[in-house]
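What follows is one structure encoded as structure tokens, with my remarks underneath.
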Amino acid sequence: MGLDETLQTLIEPVVNGLGSRLWGIEYLTRGKSTTLKIYIDADQGINVEDCARVSRQVSSLLDVEDPIPGRYTLEVSSPGLDRRLFTKAQFEEFASARIRVSLKRPFEGRRRYTGLLGGIEGDDVILHTGEEEEYLFPLDLVDRANIIPD
């Protein structure tokens with residue numbers, strides 16, 4: 001099991017137990033700085049107290065389990081209006097939303113696309129970029145996809 005799966009397995013029950021749902025996890029390393037970002041969501045929205053409560057519980061859990069080597073900064077926040085899409089289910093949920101997609105490697109000479117999310121077909125993300133233009137990107141080729149708020 002990789003670090004992402006380990007973190008998901010450890011953190012998701014804690015977040016759910018506190019009345020929120022885990023939206024996504026980002027593990028970012030820039031130079032000597034490492035940040036673990038946890039995004040939480042709930043039907044009634046997320047406030048600062050929700051983030052603080054999850055942060056305290058997850059921090060204690062990670063101190064005990066110690067899945068991350070070295071020092072890191074823990075951040076907990078809501079996904080926001082420009083939320084990043086992490087899972088196949090999230091791509092399905094936000095079908096018809098306007099999104100920005102960055103790919104891990106170029107497709108037809110480009111790595112960045114913007115358009116209307118057509119949902120998921122098998123393991124492919126459907127993106128409508130114009131009246132006649134439609135792209136299917138394998139989900140594992142997508143590096144990052146974010147909602148573009150209205």
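Identifiers in this document derive from the order of the structure tokens: chains are assigned A, B, ..., residues are numbered from 1 separately in each chain, and ligands are numbered from 1 in order of occurrence.
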
Handout entry: All residues 8 Å or closer to range 13-15 of chain A, only C-alpha atoms, same chain fewer than 3 positions away omitted, as an NGL selection string
Key = :A and (9-10 or 18-22 or 40 or 54 or 57-58)

Can those selected residues be exported to a file as a PDB file, in the first residue's frame so that it contains all heavy atoms?
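For reference, part_33.pdb as written:
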ATOM      1  N   THR A   9      -6.646   5.532   4.360  1.00  0.00           N
ATOM      2  CA  THR A   9      -7.157   4.513   5.279  1.00  0.00           C
ATOM      3  C   THR A   9      -7.127   4.993   6.723  1.00  0.00           C
ATOM      4  O   THR A   9      -8.056   4.727   7.493  1.00  0.00           O
ATOM      5  CB  THR A   9      -6.325   3.215   5.135  1.00  0.00           C
ATOM      6  OG1 THR A   9      -6.433   2.768   3.779  1.00  0.00           O
ATOM      7  CG2 THR A   9      -6.823   2.129   6.053  1.00  0.00           C
ATOM      8  N   LEU A  10      -6.085   5.720   7.102  1.00  0.00           N
ATOM      9  CA  LEU A  10      -5.972   6.219   8.473  1.00  0.00           C
ATOM     10  C   LEU A  10      -6.907   7.395   8.741  1.00  0.00           C
ATOM     11  O   LEU A  10      -7.559   7.459   9.779  1.00  0.00           O
ATOM     12  CB  LEU A  10      -4.527   6.671   8.761  1.00  0.00           C
ATOM     13  CG  LEU A  10      -3.471   5.601   8.923  1.00  0.00           C
ATOM     14  CD1 LEU A  10      -2.085   6.240   8.984  1.00  0.00           C
ATOM     15  CD2 LEU A  10      -3.726   4.784  10.182  1.00  0.00           C
ATOM     16  N   LEU A  18     -16.091  12.592  12.837  1.00  0.00           N
ATOM     17  CA  LEU A  18     -16.293  13.964  13.311  1.00  0.00           C
ATOM     18  C   LEU A  18     -17.389  14.689  12.520  1.00  0.00           C
ATOM     19  O   LEU A  18     -17.550  15.900  12.637  1.00  0.00           O
ATOM     20  CB  LEU A  18     -14.979  14.746  13.237  1.00  0.00           C
ATOM     21  CG  LEU A  18     -13.893  14.259  14.200  1.00  0.00           C
ATOM     22  CD1 LEU A  18     -12.561  14.929  13.898  1.00  0.00           C
ATOM     23  CD2 LEU A  18     -14.310  14.513  15.646  1.00  0.00           C
ATOM     24  N   GLY A  19     -18.144  13.931  11.709  1.00  0.00           N
ATOM     25  CA  GLY A  19     -19.298  14.510  11.022  1.00  0.00           C
ATOM     26  C   GLY A  19     -19.000  15.152   9.681  1.00  0.00           C
ATOM     27  O   GLY A  19     -19.848  15.844   9.123  1.00  0.00           O
ATOM     28  N   SER A  20     -17.805  14.951   9.166  1.00  0.00           N
ATOM     29  CA  SER A  20     -17.446  15.495   7.846  1.00  0.00           C
ATOM     30  C   SER A  20     -17.119  14.327   6.931  1.00  0.00           C
ATOM     31  O   SER A  20     -17.130  13.180   7.347  1.00  0.00           O
ATOM     32  CB  SER A  20     -16.220  16.416   7.968  1.00  0.00           C
ATOM     33  OG  SER A  20     -16.484  17.492   8.828  1.00  0.00           O
ATOM     34  N   ARG A  21     -16.824  14.635   5.674  1.00  0.00           N
ATOM     35  CA  ARG A  21     -16.340  13.585   4.778  1.00  0.00           C
ATOM     36  C   ARG A  21     -15.012  14.052   4.183  1.00  0.00           C
ATOM     37  O   ARG A  21     -14.806  15.235   3.943  1.00  0.00           O
ATOM     38  CB  ARG A  21     -17.366  13.232   3.721  1.00  0.00           C
ATOM     39  CG  ARG A  21     -17.634  14.242   2.671  1.00  0.00           C
ATOM     40  CD  ARG A  21     -18.679  13.745   1.654  1.00  0.00           C
ATOM     41  NE  ARG A  21     -19.158  14.848   0.855  1.00  0.00           N
ATOM     42  CZ  ARG A  21     -20.180  15.624   1.162  1.00  0.00           C
ATOM     43  NH1 ARG A  21     -20.870  15.398   2.261  1.00  0.00           N
ATOM     44  NH2 ARG A  21     -20.535  16.612   0.382  1.00  0.00           N
ATOM     45  N   LEU A  22     -14.158  13.091   3.960  1.00  0.00           N
ATOM     46  CA  LEU A  22     -12.850  13.373   3.384  1.00  0.00           C
ATOM     47  C   LEU A  22     -13.026  13.639   1.898  1.00  0.00           C
ATOM     48  O   LEU A  22     -13.507  12.783   1.164  1.00  0.00           O
ATOM     49  CB  LEU A  22     -11.909  12.182   3.616  1.00  0.00           C
ATOM     50  CG  LEU A  22     -10.489  12.343   3.111  1.00  0.00           C
ATOM     51  CD1 LEU A  22      -9.787  13.497   3.822  1.00  0.00           C
ATOM     52  CD2 LEU A  22      -9.711  11.055   3.317  1.00  0.00           C
ATOM     53  N   ILE A  40     -11.750  18.647   3.670  1.00  0.00           N
ATOM     54  CA  ILE A  40     -12.953  18.028   4.230  1.00  0.00           C
ATOM     55  C   ILE A  40     -14.181  18.788   3.736  1.00  0.00           C
ATOM     56  O   ILE A  40     -14.110  19.971   3.419  1.00  0.00           O
ATOM     57  CB  ILE A  40     -12.916  17.985   5.775  1.00  0.00           C
ATOM     58  CG1 ILE A  40     -12.799  19.393   6.366  1.00  0.00           C
ATOM     59  CG2 ILE A  40     -11.779  17.101   6.253  1.00  0.00           C
ATOM     60  CD1 ILE A  40     -12.933  19.456   7.885  1.00  0.00           C
ATOM     61  N   VAL A  54     -10.799  18.494  13.206  1.00  0.00           N
ATOM     62  CA  VAL A  54     -10.195  17.442  12.387  1.00  0.00           C
ATOM     63  C   VAL A  54      -8.672  17.511  12.491  1.00  0.00           C
ATOM     64  O   VAL A  54      -8.004  16.483  12.619  1.00  0.00           O
ATOM     65  CB  VAL A  54     -10.667  17.546  10.915  1.00  0.00           C
ATOM     66  CG1 VAL A  54      -9.829  16.658  10.005  1.00  0.00           C
ATOM     67  CG2 VAL A  54     -12.145  17.182  10.811  1.00  0.00           C
ATOM     68  N   GLN A  57      -7.453  15.929  15.812  1.00  0.00           N
ATOM     69  CA  GLN A  57      -7.602  14.475  15.839  1.00  0.00           C
ATOM     70  C   GLN A  57      -6.636  13.781  14.878  1.00  0.00           C
ATOM     71  O   GLN A  57      -6.007  12.787  15.230  1.00  0.00           O
ATOM     72  CB  GLN A  57      -9.040  14.079  15.503  1.00  0.00           C
ATOM     73  CG  GLN A  57     -10.053  14.470  16.556  1.00  0.00           C
ATOM     74  CD  GLN A  57      -9.813  13.747  17.866  1.00  0.00           C
ATOM     75  OE1 GLN A  57      -9.522  12.565  17.886  1.00  0.00           O
ATOM     76  NE2 GLN A  57      -9.907  14.474  18.959  1.00  0.00           N
ATOM     77  N   VAL A  58      -6.521  14.307  13.673  1.00  0.00           N
ATOM     78  CA  VAL A  58      -5.630  13.704  12.670  1.00  0.00           C
ATOM     79  C   VAL A  58      -4.177  13.851  13.100  1.00  0.00           C
ATOM     80  O   VAL A  58      -3.382  12.919  12.964  1.00  0.00           O
ATOM     81  CB  VAL A  58      -5.871  14.306  11.268  1.00  0.00           C
ATOM     82  CG1 VAL A  58      -4.779  13.901  10.298  1.00  0.00           C
ATOM     83  CG2 VAL A  58      -7.237  13.867  10.741  1.00  0.00           C
TER      84      VAL A  58
END

Problem - Long-range neighbours of range 98-100 of chain A as a list in words, 7 Å cut-off, only C-alpha atoms, 4 positions minimum in chain - result: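 Within the cut-off, the hits are Tyr113, Thr114, Gly115, Leu116, Leu117, Ala145, Asn146, Ile147 and Ile148 of chain A.
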
Problem - Residues within 7 Å of Gly118 in chain A, only C-alpha atoms, excluding chain neighbours under 6 positions, as JSON, numbers by chain - result: {"A": [95, 96, 126, 127, 128]}

Once you have the residues from the selection above, write them out as a compact mmCIF listing (two decimals), in the first residue's frame, restricted to N, CA, C and O atoms.
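The resulting file, out_22.txt, is shown below:
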# COMPACT_ATOMS: atom_id res chain seq x y z
N ALA A 95 -20.38 16.48 -13.12
CA ALA A 95 -20.61 16.50 -14.57
C ALA A 95 -21.39 17.76 -14.91
O ALA A 95 -22.29 18.16 -14.17
N SER A 96 -21.04 18.40 -16.00
CA SER A 96 -21.61 19.65 -16.52
C SER A 96 -21.00 20.90 -15.88
O SER A 96 -21.33 22.01 -16.26
N ILE A 126 -14.49 12.82 -19.62
CA ILE A 126 -14.99 13.44 -20.85
C ILE A 126 -14.98 14.95 -20.65
O ILE A 126 -15.54 15.47 -19.68
N LEU A 127 -14.31 15.66 -21.58
CA LEU A 127 -14.23 17.12 -21.50
C LEU A 127 -14.67 17.71 -22.83
O LEU A 127 -14.14 17.37 -23.89
N HIS A 128 -15.67 18.61 -22.77
CA HIS A 128 -16.16 19.32 -23.95
C HIS A 128 -15.50 20.70 -23.96
O HIS A 128 -15.78 21.52 -23.08

Exercise for the section: Calculate how many Å separate CA of Phe137 in chain A from CA of Asp82 in chain A, rounding to one decimal. Expected result: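 Pair CA of Phe137 in chain A / CA of Asp82 in chain A returns 20.5 Å.
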
Problem - Non-local contacts of Ser59 in chain A (12 Å; only C-alpha atoms; under 2 positions in same chain excluded) as a PyMOL selection string - result: chain A and resi 7+10-11+14-15+36-38+51-57+61-68+72-76

Practice task
Identify which of the residues A:Val48, A:Leu141, A:Tyr39, A:Glu12 lies closest to Arg105 in chain A, counting only C-alpha atoms when measuring atom-to-atom distances.
Solution key: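 Between A:Val48, A:Leu141, A:Tyr39, A:Glu12, the residue approaching Arg105 in chain A most closely is A:Leu141.
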
Exercise for the section: Run DSSP on the backbone of this structure and report the residues of chain A it assigns to helix (DSSP H, G or I), as a PyMOL selection string. Expected result: chain A and resi 3-17+48-65+88-93+139-141

Could you save the residues just selected, with C-alpha atoms, as an mmCIF file, in the first residue's frame?
data_model
loop_
_atom_site.group_PDB
_atom_site.id
_atom_site.type_symbol
_atom_site.label_atom_id
_atom_site.label_comp_id
_atom_site.auth_asym_id
_atom_site.auth_seq_id
_atom_site.Cartn_x
_atom_site.Cartn_y
_atom_site.Cartn_z
ATOM 1 C CA LEU A 3 1.515 6.503 1.164
ATOM 2 C CA ASP A 4 -1.655 7.960 -0.399
ATOM 3 C CA GLU A 5 -3.664 4.808 0.328
ATOM 4 C CA THR A 6 -2.197 4.530 3.841
ATOM 5 C CA LEU A 7 -3.124 8.128 4.632
ATOM 6 C CA GLN A 8 -6.621 7.679 3.201
ATOM 7 C CA THR A 9 -7.157 4.513 5.279
ATOM 8 C CA LEU A 10 -5.972 6.219 8.473
ATOM 9 C CA ILE A 11 -7.622 9.615 8.044
ATOM 10 C CA GLU A 12 -11.028 8.865 6.482
ATOM 11 C CA PRO A 13 -12.592 7.143 9.532
ATOM 12 C CA VAL A 14 -11.481 10.023 11.788
ATOM 13 C CA VAL A 15 -12.965 12.651 9.465
ATOM 14 C CA ASN A 16 -16.210 10.677 9.072
ATOM 15 C CA GLY A 17 -16.430 10.188 12.844
ATOM 16 C CA VAL A 48 -13.039 26.953 11.037
ATOM 17 C CA GLU A 49 -14.032 24.865 14.068
ATOM 18 C CA ASP A 50 -14.608 21.797 11.877
ATOM 19 C CA CYS A 51 -11.111 22.221 10.413
ATOM 20 C CA ALA A 52 -9.544 22.718 13.858
ATOM 21 C CA ARG A 53 -11.302 19.657 15.296
ATOM 22 C CA VAL A 54 -10.195 17.442 12.387
ATOM 23 C CA SER A 55 -6.674 18.872 12.550
ATOM 24 C CA ARG A 56 -6.303 18.027 16.264
ATOM 25 C CA GLN A 57 -7.602 14.475 15.839
ATOM 26 C CA VAL A 58 -5.630 13.704 12.670
ATOM 27 C CA SER A 59 -2.467 15.213 14.132
ATOM 28 C CA SER A 60 -2.731 12.954 17.191
ATOM 29 C CA LEU A 61 -3.389 9.926 14.992
ATOM 30 C CA LEU A 62 -0.430 10.661 12.708
ATOM 31 C CA ASP A 63 1.846 11.181 15.726
ATOM 32 C CA VAL A 64 0.976 7.668 16.915
ATOM 33 C CA GLU A 65 0.925 5.879 13.521
ATOM 34 C CA LYS A 88 -13.979 9.090 -10.174
ATOM 35 C CA ALA A 89 -17.136 9.676 -8.099
ATOM 36 C CA GLN A 90 -16.305 13.399 -7.809
ATOM 37 C CA PHE A 91 -15.891 13.661 -11.598
ATOM 38 C CA GLU A 92 -19.324 12.031 -11.964
ATOM 39 C CA GLU A 93 -20.893 14.275 -9.295
ATOM 40 C CA LEU A 139 -8.247 9.303 -15.380
ATOM 41 C CA ASP A 140 -4.700 8.223 -14.524
ATOM 42 C CA LEU A 141 -3.338 10.804 -17.030
#
